[in-house]
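Participant: Before anything else, here's the structure in question.
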Amino acid sequence: MTHRSAAAILITAISLALPALSLAGTLDQIKKSGEIRIGYRTDAPPLAFNDSAGQPAGYSVDLCKRIATAVKDDLKLADLKVTFVPLTSADRIDAVVNNKADIECGATTVTLSREEKVDFTLMTFVTGGSLLSLGESAVNALSDTAGKSIAVVKGTTSETALKNALTKNLIDAKVTTVASREEGMKQLDAKQVAAFASDQVVLIGQIIQSADPKKYALARELFSYEPYAFVVRRNDSAFLLVANRALAQTYRTGQIEQVYGKWFGQAGIKPSPVLAAMYALQSLPE
């Protein structure tokens with residue numbers, strides 16, 4: 001076989017493979033299966049959780065339902081099955097990478113290290129790390145934890161930010177890692193730790209869902225910056241564009257006020273100036 005013949009065969013093989021590769025996109029998968037798989041957190045109220053009936057609910061879940069509608073319209077499908085895939089803080093990124101979910105809608109912070117594995121949509125929320133304590137022994141600032149124990153979910157950005165903040169401010173507090181927010185709250189209620197650290201919006205959700213909200217105290221101080229967005233697979237610009245268009249339209253038309261009010265209004269919590277600015281900045285024109 002000549003070099004020219006070998007080259008021709010190689011080119012033909014590559015050409016035949018290109019259509020197959022193009023079908024690997026999320027939109028193509030959804031069109032073929034008639035199903036979109038939305039990964040969501042079951043333990044991050046009011047952003048994503050299971051309601052009293054065991055159904056997916058929350059601010060992030062509602063936004064992802066809008067994205068599902070946008071996907072259905074973009075693909076011109078008569079019907080689209082929406083399947084919710086429960087995820088944890090430990091498996092949420094890998095679930096998208098390994099194609100077990102098409103998008104992850106929860107309380108995930110955008111970081112540059114995470115962008116080595118996945119892409120993110122437009123920002124969906126802005127919050128920061130804070131501390132939840134029992135009202136009878138309120139922790140008002142990070143400095144109040146000196147000599148005490150703080151629970152935080154293992155492997156989260158809150159864990160890293162908390163440890164960095166303690167080191168930076170020379171605060172001698174013991175960090176106790178837990179497997180879930182539920183475990184962190186159990187340790188707090190049992191007074192095994194002085195505070196439970198997480199993103200402030202998640203701690204607000206814990207207060208809202210508790211049987212006795214007045215039992216807890218939320219520190220006003222933030223020890224980190226946590227910009228949230230939805231996780232999608234890397235280099236899938238077509239699907240990312242549909243998701244971003246849905247989010248931008250929700251912000252631009254003011255519909256985000258209804259979504260926010262539904263999940264935060266009951267607690268009388270208004271959007272912070274930073275969050276309001278985020279909505280304005282992410283309202284990209286069509």
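Ordering of the structure tokens sets the chain letters (A, B, ...), residue numbers begin anew at 1 in every chain, and ligands are numbered from 1 in the order given.
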Pick out the residues sitting within 10 Å of A:Leu281, and hand them over as a list of chain:residue names; count only C-alpha atoms, and ignore anything fewer than 4 positions along from it in its own chain.

Facilitator: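 With the cut-off at 10 Å, the set is A:Leu122, A:Met123, A:Ala248, A:Tyr251, A:Arg252, A:Leu275, A:Ala276, A:Ala277.
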
Participant: Name the residues in contact with A:Thr145 at a cut-off of 10 Å, using only C-alpha atoms, excluding same-chain residues fewer than 2 positions from it; report them as a ChimeraX atom specification.

Facilitator: /A:131,139-143,147-150,166,171-174,193-195

Participant: Between atom CA of A:Thr109 and atom CA of A:Thr88, what is the spacing in Å?

Facilitator: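 According to the coordinates, atom CA of A:Thr88 and atom CA of A:Thr109 are separated by 14.0 Å.
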
Participant: What are the closest atom pairs, with distances in Å to one decimal, for each residue of stretch 84-172 of chain A lying within 9 Å of stretch 201-207 of chain A, using only C-alpha atoms, rows by chain and rising residue number, as a Markdown table?

Facilitator:
```
| residue | atom | partner | partner_atom | distance |
| --- | --- | --- | --- | --- |
| A:Ala107 | CA | A:Val202 | CA | 8.0 |
| A:Val126 | CA | A:Val201 | CA | 8.7 |
| A:Thr127 | CA | A:Val201 | CA | 6.3 |
| A:Gly128 | CA | A:Val201 | CA | 7.8 |
| A:Gly129 | CA | A:Val201 | CA | 8.7 |
| A:Ser130 | CA | A:Leu203 | CA | 7.8 |
| A:Leu131 | CA | A:Leu203 | CA | 7.7 |
| A:Leu132 | CA | A:Leu203 | CA | 6.6 |
```

Participant: Those selected residues, please, written with C-alpha atoms and delivered as a PDB file, in the first residue's frame.

Facilitator:
```
ATOM      1  CA  ALA A 107     -25.985  25.173  45.050  1.00  0.00           C
ATOM      2  CA  VAL A 126     -24.479  35.047  44.761  1.00  0.00           C
ATOM      3  CA  THR A 127     -23.865  34.302  48.414  1.00  0.00           C
ATOM      4  CA  GLY A 128     -20.978  33.702  50.824  1.00  0.00           C
ATOM      5  CA  GLY A 129     -19.859  31.431  53.611  1.00  0.00           C
ATOM      6  CA  SER A 130     -21.400  32.088  57.014  1.00  0.00           C
ATOM      7  CA  LEU A 131     -22.056  30.445  60.374  1.00  0.00           C
ATOM      8  CA  LEU A 132     -25.230  29.087  61.944  1.00  0.00           C
TER       9      LEU A 132
END
```

Participant: To one decimal place, how far is atom CA of A:Leu27 from atom CA of A:Ala95 in Å?

Facilitator: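 So the two atoms, atom CA of A:Leu27 and atom CA of A:Ala95, lie 17.1 Å apart.
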
Participant: How many Å separate atom CA of A:Val96 from atom CA of A:Gly39?

Facilitator: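 Result for atom CA of A:Val96 versus atom CA of A:Gly39: 8.1 Å, one decimal.
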
Participant: Where does DSSP see strand (DSSP E) in stretch 42-145 of chain A, if you list the residues as a ChimeraX atom specification?

Facilitator: /A:43-44,48-50,56-57,81-87,103-105,118-127,129-134

Participant: How would the residues just chosen look if you wrote them out with C-alpha atoms as a PDB file, in the first residue's frame?

Facilitator:
```pdb
ATOM      1  CA  ASP A  43     -30.456  18.662  50.792  1.00  0.00           C
ATOM      2  CA  ALA A  44     -29.894  22.308  49.833  1.00  0.00           C
ATOM      3  CA  ALA A  48     -32.814  22.422  45.717  1.00  0.00           C
ATOM      4  CA  PHE A  49     -34.403  19.772  47.910  1.00  0.00           C
ATOM      5  CA  ASN A  50     -37.184  17.195  48.191  1.00  0.00           C
ATOM      6  CA  PRO A  56     -37.778  17.985  43.602  1.00  0.00           C
ATOM      7  CA  ALA A  57     -38.356  21.614  44.578  1.00  0.00           C
ATOM      8  CA  LYS A  81     -39.701  13.910  29.460  1.00  0.00           C
ATOM      9  CA  VAL A  82     -38.042  15.633  32.421  1.00  0.00           C
ATOM     10  CA  THR A  83     -36.249  13.207  34.716  1.00  0.00           C
ATOM     11  CA  PHE A  84     -34.795  14.444  38.009  1.00  0.00           C
ATOM     12  CA  VAL A  85     -31.609  12.755  39.195  1.00  0.00           C
ATOM     13  CA  PRO A  86     -30.851  13.145  42.933  1.00  0.00           C
ATOM     14  CA  LEU A  87     -27.227  14.080  43.607  1.00  0.00           C
ATOM     15  CA  ILE A 103     -27.231  19.580  33.920  1.00  0.00           C
ATOM     16  CA  GLU A 104     -26.772  19.986  37.674  1.00  0.00           C
ATOM     17  CA  CYS A 105     -29.104  22.445  39.388  1.00  0.00           C
ATOM     18  CA  VAL A 118     -16.998  21.136  33.503  1.00  0.00           C
ATOM     19  CA  ASP A 119     -18.517  24.338  32.185  1.00  0.00           C
ATOM     20  CA  PHE A 120     -20.950  26.631  33.971  1.00  0.00           C
ATOM     21  CA  THR A 121     -24.016  28.556  32.837  1.00  0.00           C
ATOM     22  CA  LEU A 122     -24.624  32.206  33.589  1.00  0.00           C
ATOM     23  CA  MET A 123     -24.582  32.869  37.317  1.00  0.00           C
ATOM     24  CA  THR A 124     -27.782  31.967  39.158  1.00  0.00           C
ATOM     25  CA  PHE A 125     -27.094  33.247  42.678  1.00  0.00           C
ATOM     26  CA  VAL A 126     -24.479  35.047  44.761  1.00  0.00           C
ATOM     27  CA  THR A 127     -23.865  34.302  48.414  1.00  0.00           C
ATOM     28  CA  GLY A 129     -19.859  31.431  53.611  1.00  0.00           C
ATOM     29  CA  SER A 130     -21.400  32.088  57.014  1.00  0.00           C
ATOM     30  CA  LEU A 131     -22.056  30.445  60.374  1.00  0.00           C
ATOM     31  CA  LEU A 132     -25.230  29.087  61.944  1.00  0.00           C
ATOM     32  CA  SER A 133     -25.364  28.640  65.700  1.00  0.00           C
ATOM     33  CA  LEU A 134     -27.882  28.089  68.476  1.00  0.00           C
TER      34      LEU A 134
END
```

Participant: So that I can check the surroundings of A:Lys32, please list as a list of chain:residue names every protein, DNA and RNA residue that reaches within 12 Å of it, counting only C-alpha atoms and ignoring chain neighbours fewer than 3 positions away.

Facilitator: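 Skipping anything fewer than 3 positions along the chain leaves A:Leu23, A:Ala24, A:Gly25, A:Thr26, A:Leu27, A:Asp28, A:Gln29, A:Glu35, A:Ile36, A:Leu75, A:Leu77, A:Leu80, A:Lys81.
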
Participant: From the options A:Glu286, A:Asp199, A:Asp212, A:Glu183, which residue's atoms come nearest to A:Thr108, counting only C-alpha atoms?

Facilitator: A:Asp199

Participant: Using only C-alpha atoms, pick whichever of A:Asp74, A:Asp144, A:Asp51, A:Glu116 has the shortest atom-to-atom distance to A:Ala219.

Facilitator: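 Residue with the minimum atom-to-atom distance to A:Ala219: A:Asp144.
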
Participant: Can you pull out every residue from stretch 12-259 of chain A that DSSP, working from the backbone, puts in alpha helix (DSSP H), and format the result as a ChimeraX atom specification?

Facilitator: /A:12-22,26-33,59-74,92-97,157-168,181-189,200-209,237-252,256-259

Participant: Can you pull out every residue within 8 Å of A:Ala165, counting only C-alpha atoms, but drop anything in the same chain fewer than 4 positions away, and send it as an MDAnalysis selection string?

Facilitator: chainID A and resid 161 169 223

Participant: Only C-alpha atoms, please: the residues just picked out, written as an mmCIF file, in the first residue's frame.

Facilitator:
```
data_model
loop_
_atom_site.group_PDB
_atom_site.id
_atom_site.type_symbol
_atom_site.label_atom_id
_atom_site.label_comp_id
_atom_site.auth_asym_id
_atom_site.auth_seq_id
_atom_site.Cartn_x
_atom_site.Cartn_y
_atom_site.Cartn_z
ATOM 1 C CA ALA A 161 -12.858 28.869 52.516
ATOM 2 C CA ASN A 169 -7.220 35.565 60.859
ATOM 3 C CA PHE A 223 -16.010 34.654 55.166
#
```

Participant: Which polymer residues have any atom within 10 Å of an atom of stretch 208-210 of chain A, counting only C-alpha atoms, with same-chain residues fewer than 5 positions away left out, as a PyMOL selection string?

Facilitator: chain A and resi 45-46+202-203+215-216+263-264+266-267

Participant: Those same residues, written as an mmCIF file, in the first residue's frame with N, CA and C atoms?

Facilitator:
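Full text of out04.cif as output:
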```
data_model
loop_
_atom_site.group_PDB
_atom_site.id
_atom_site.type_symbol
_atom_site.label_atom_id
_atom_site.label_comp_id
_atom_site.auth_asym_id
_atom_site.auth_seq_id
_atom_site.Cartn_x
_atom_site.Cartn_y
_atom_site.Cartn_z
ATOM 1 N N PRO A 45 -32.014 23.250 50.639
ATOM 2 C CA PRO A 45 -33.126 24.203 50.594
ATOM 3 C C PRO A 45 -32.622 25.617 50.899
ATOM 4 N N PRO A 46 -33.249 26.648 50.342
ATOM 5 C CA PRO A 46 -34.406 26.621 49.453
ATOM 6 C C PRO A 46 -34.024 26.555 47.968
ATOM 7 N N VAL A 202 -27.810 28.669 52.006
ATOM 8 C CA VAL A 202 -28.144 27.315 52.428
ATOM 9 C C VAL A 202 -28.513 27.295 53.905
ATOM 10 N N LEU A 203 -27.810 28.077 54.706
ATOM 11 C CA LEU A 203 -28.119 28.163 56.129
ATOM 12 C C LEU A 203 -29.496 28.793 56.342
ATOM 13 N N LYS A 215 -34.875 29.231 67.107
ATOM 14 C CA LYS A 215 -33.875 28.499 67.884
ATOM 15 C C LYS A 215 -32.456 28.834 67.437
ATOM 16 N N TYR A 216 -32.336 29.341 66.194
ATOM 17 C CA TYR A 216 -31.015 29.531 65.606
ATOM 18 C C TYR A 216 -30.637 31.004 65.434
ATOM 19 N N TRP A 263 -39.490 31.423 46.892
ATOM 20 C CA TRP A 263 -38.649 30.627 47.781
ATOM 21 C C TRP A 263 -38.021 31.414 48.923
ATOM 22 N N PHE A 264 -37.948 32.721 48.797
ATOM 23 C CA PHE A 264 -37.332 33.525 49.844
ATOM 24 C C PHE A 264 -38.291 34.524 50.482
ATOM 25 N N GLN A 266 -41.219 34.145 51.730
ATOM 26 C CA GLN A 266 -41.892 33.676 52.939
ATOM 27 C C GLN A 266 -41.091 33.990 54.195
ATOM 28 N N ALA A 267 -39.780 34.143 54.047
ATOM 29 C CA ALA A 267 -38.936 34.454 55.190
ATOM 30 C C ALA A 267 -38.637 35.948 55.267
#
```
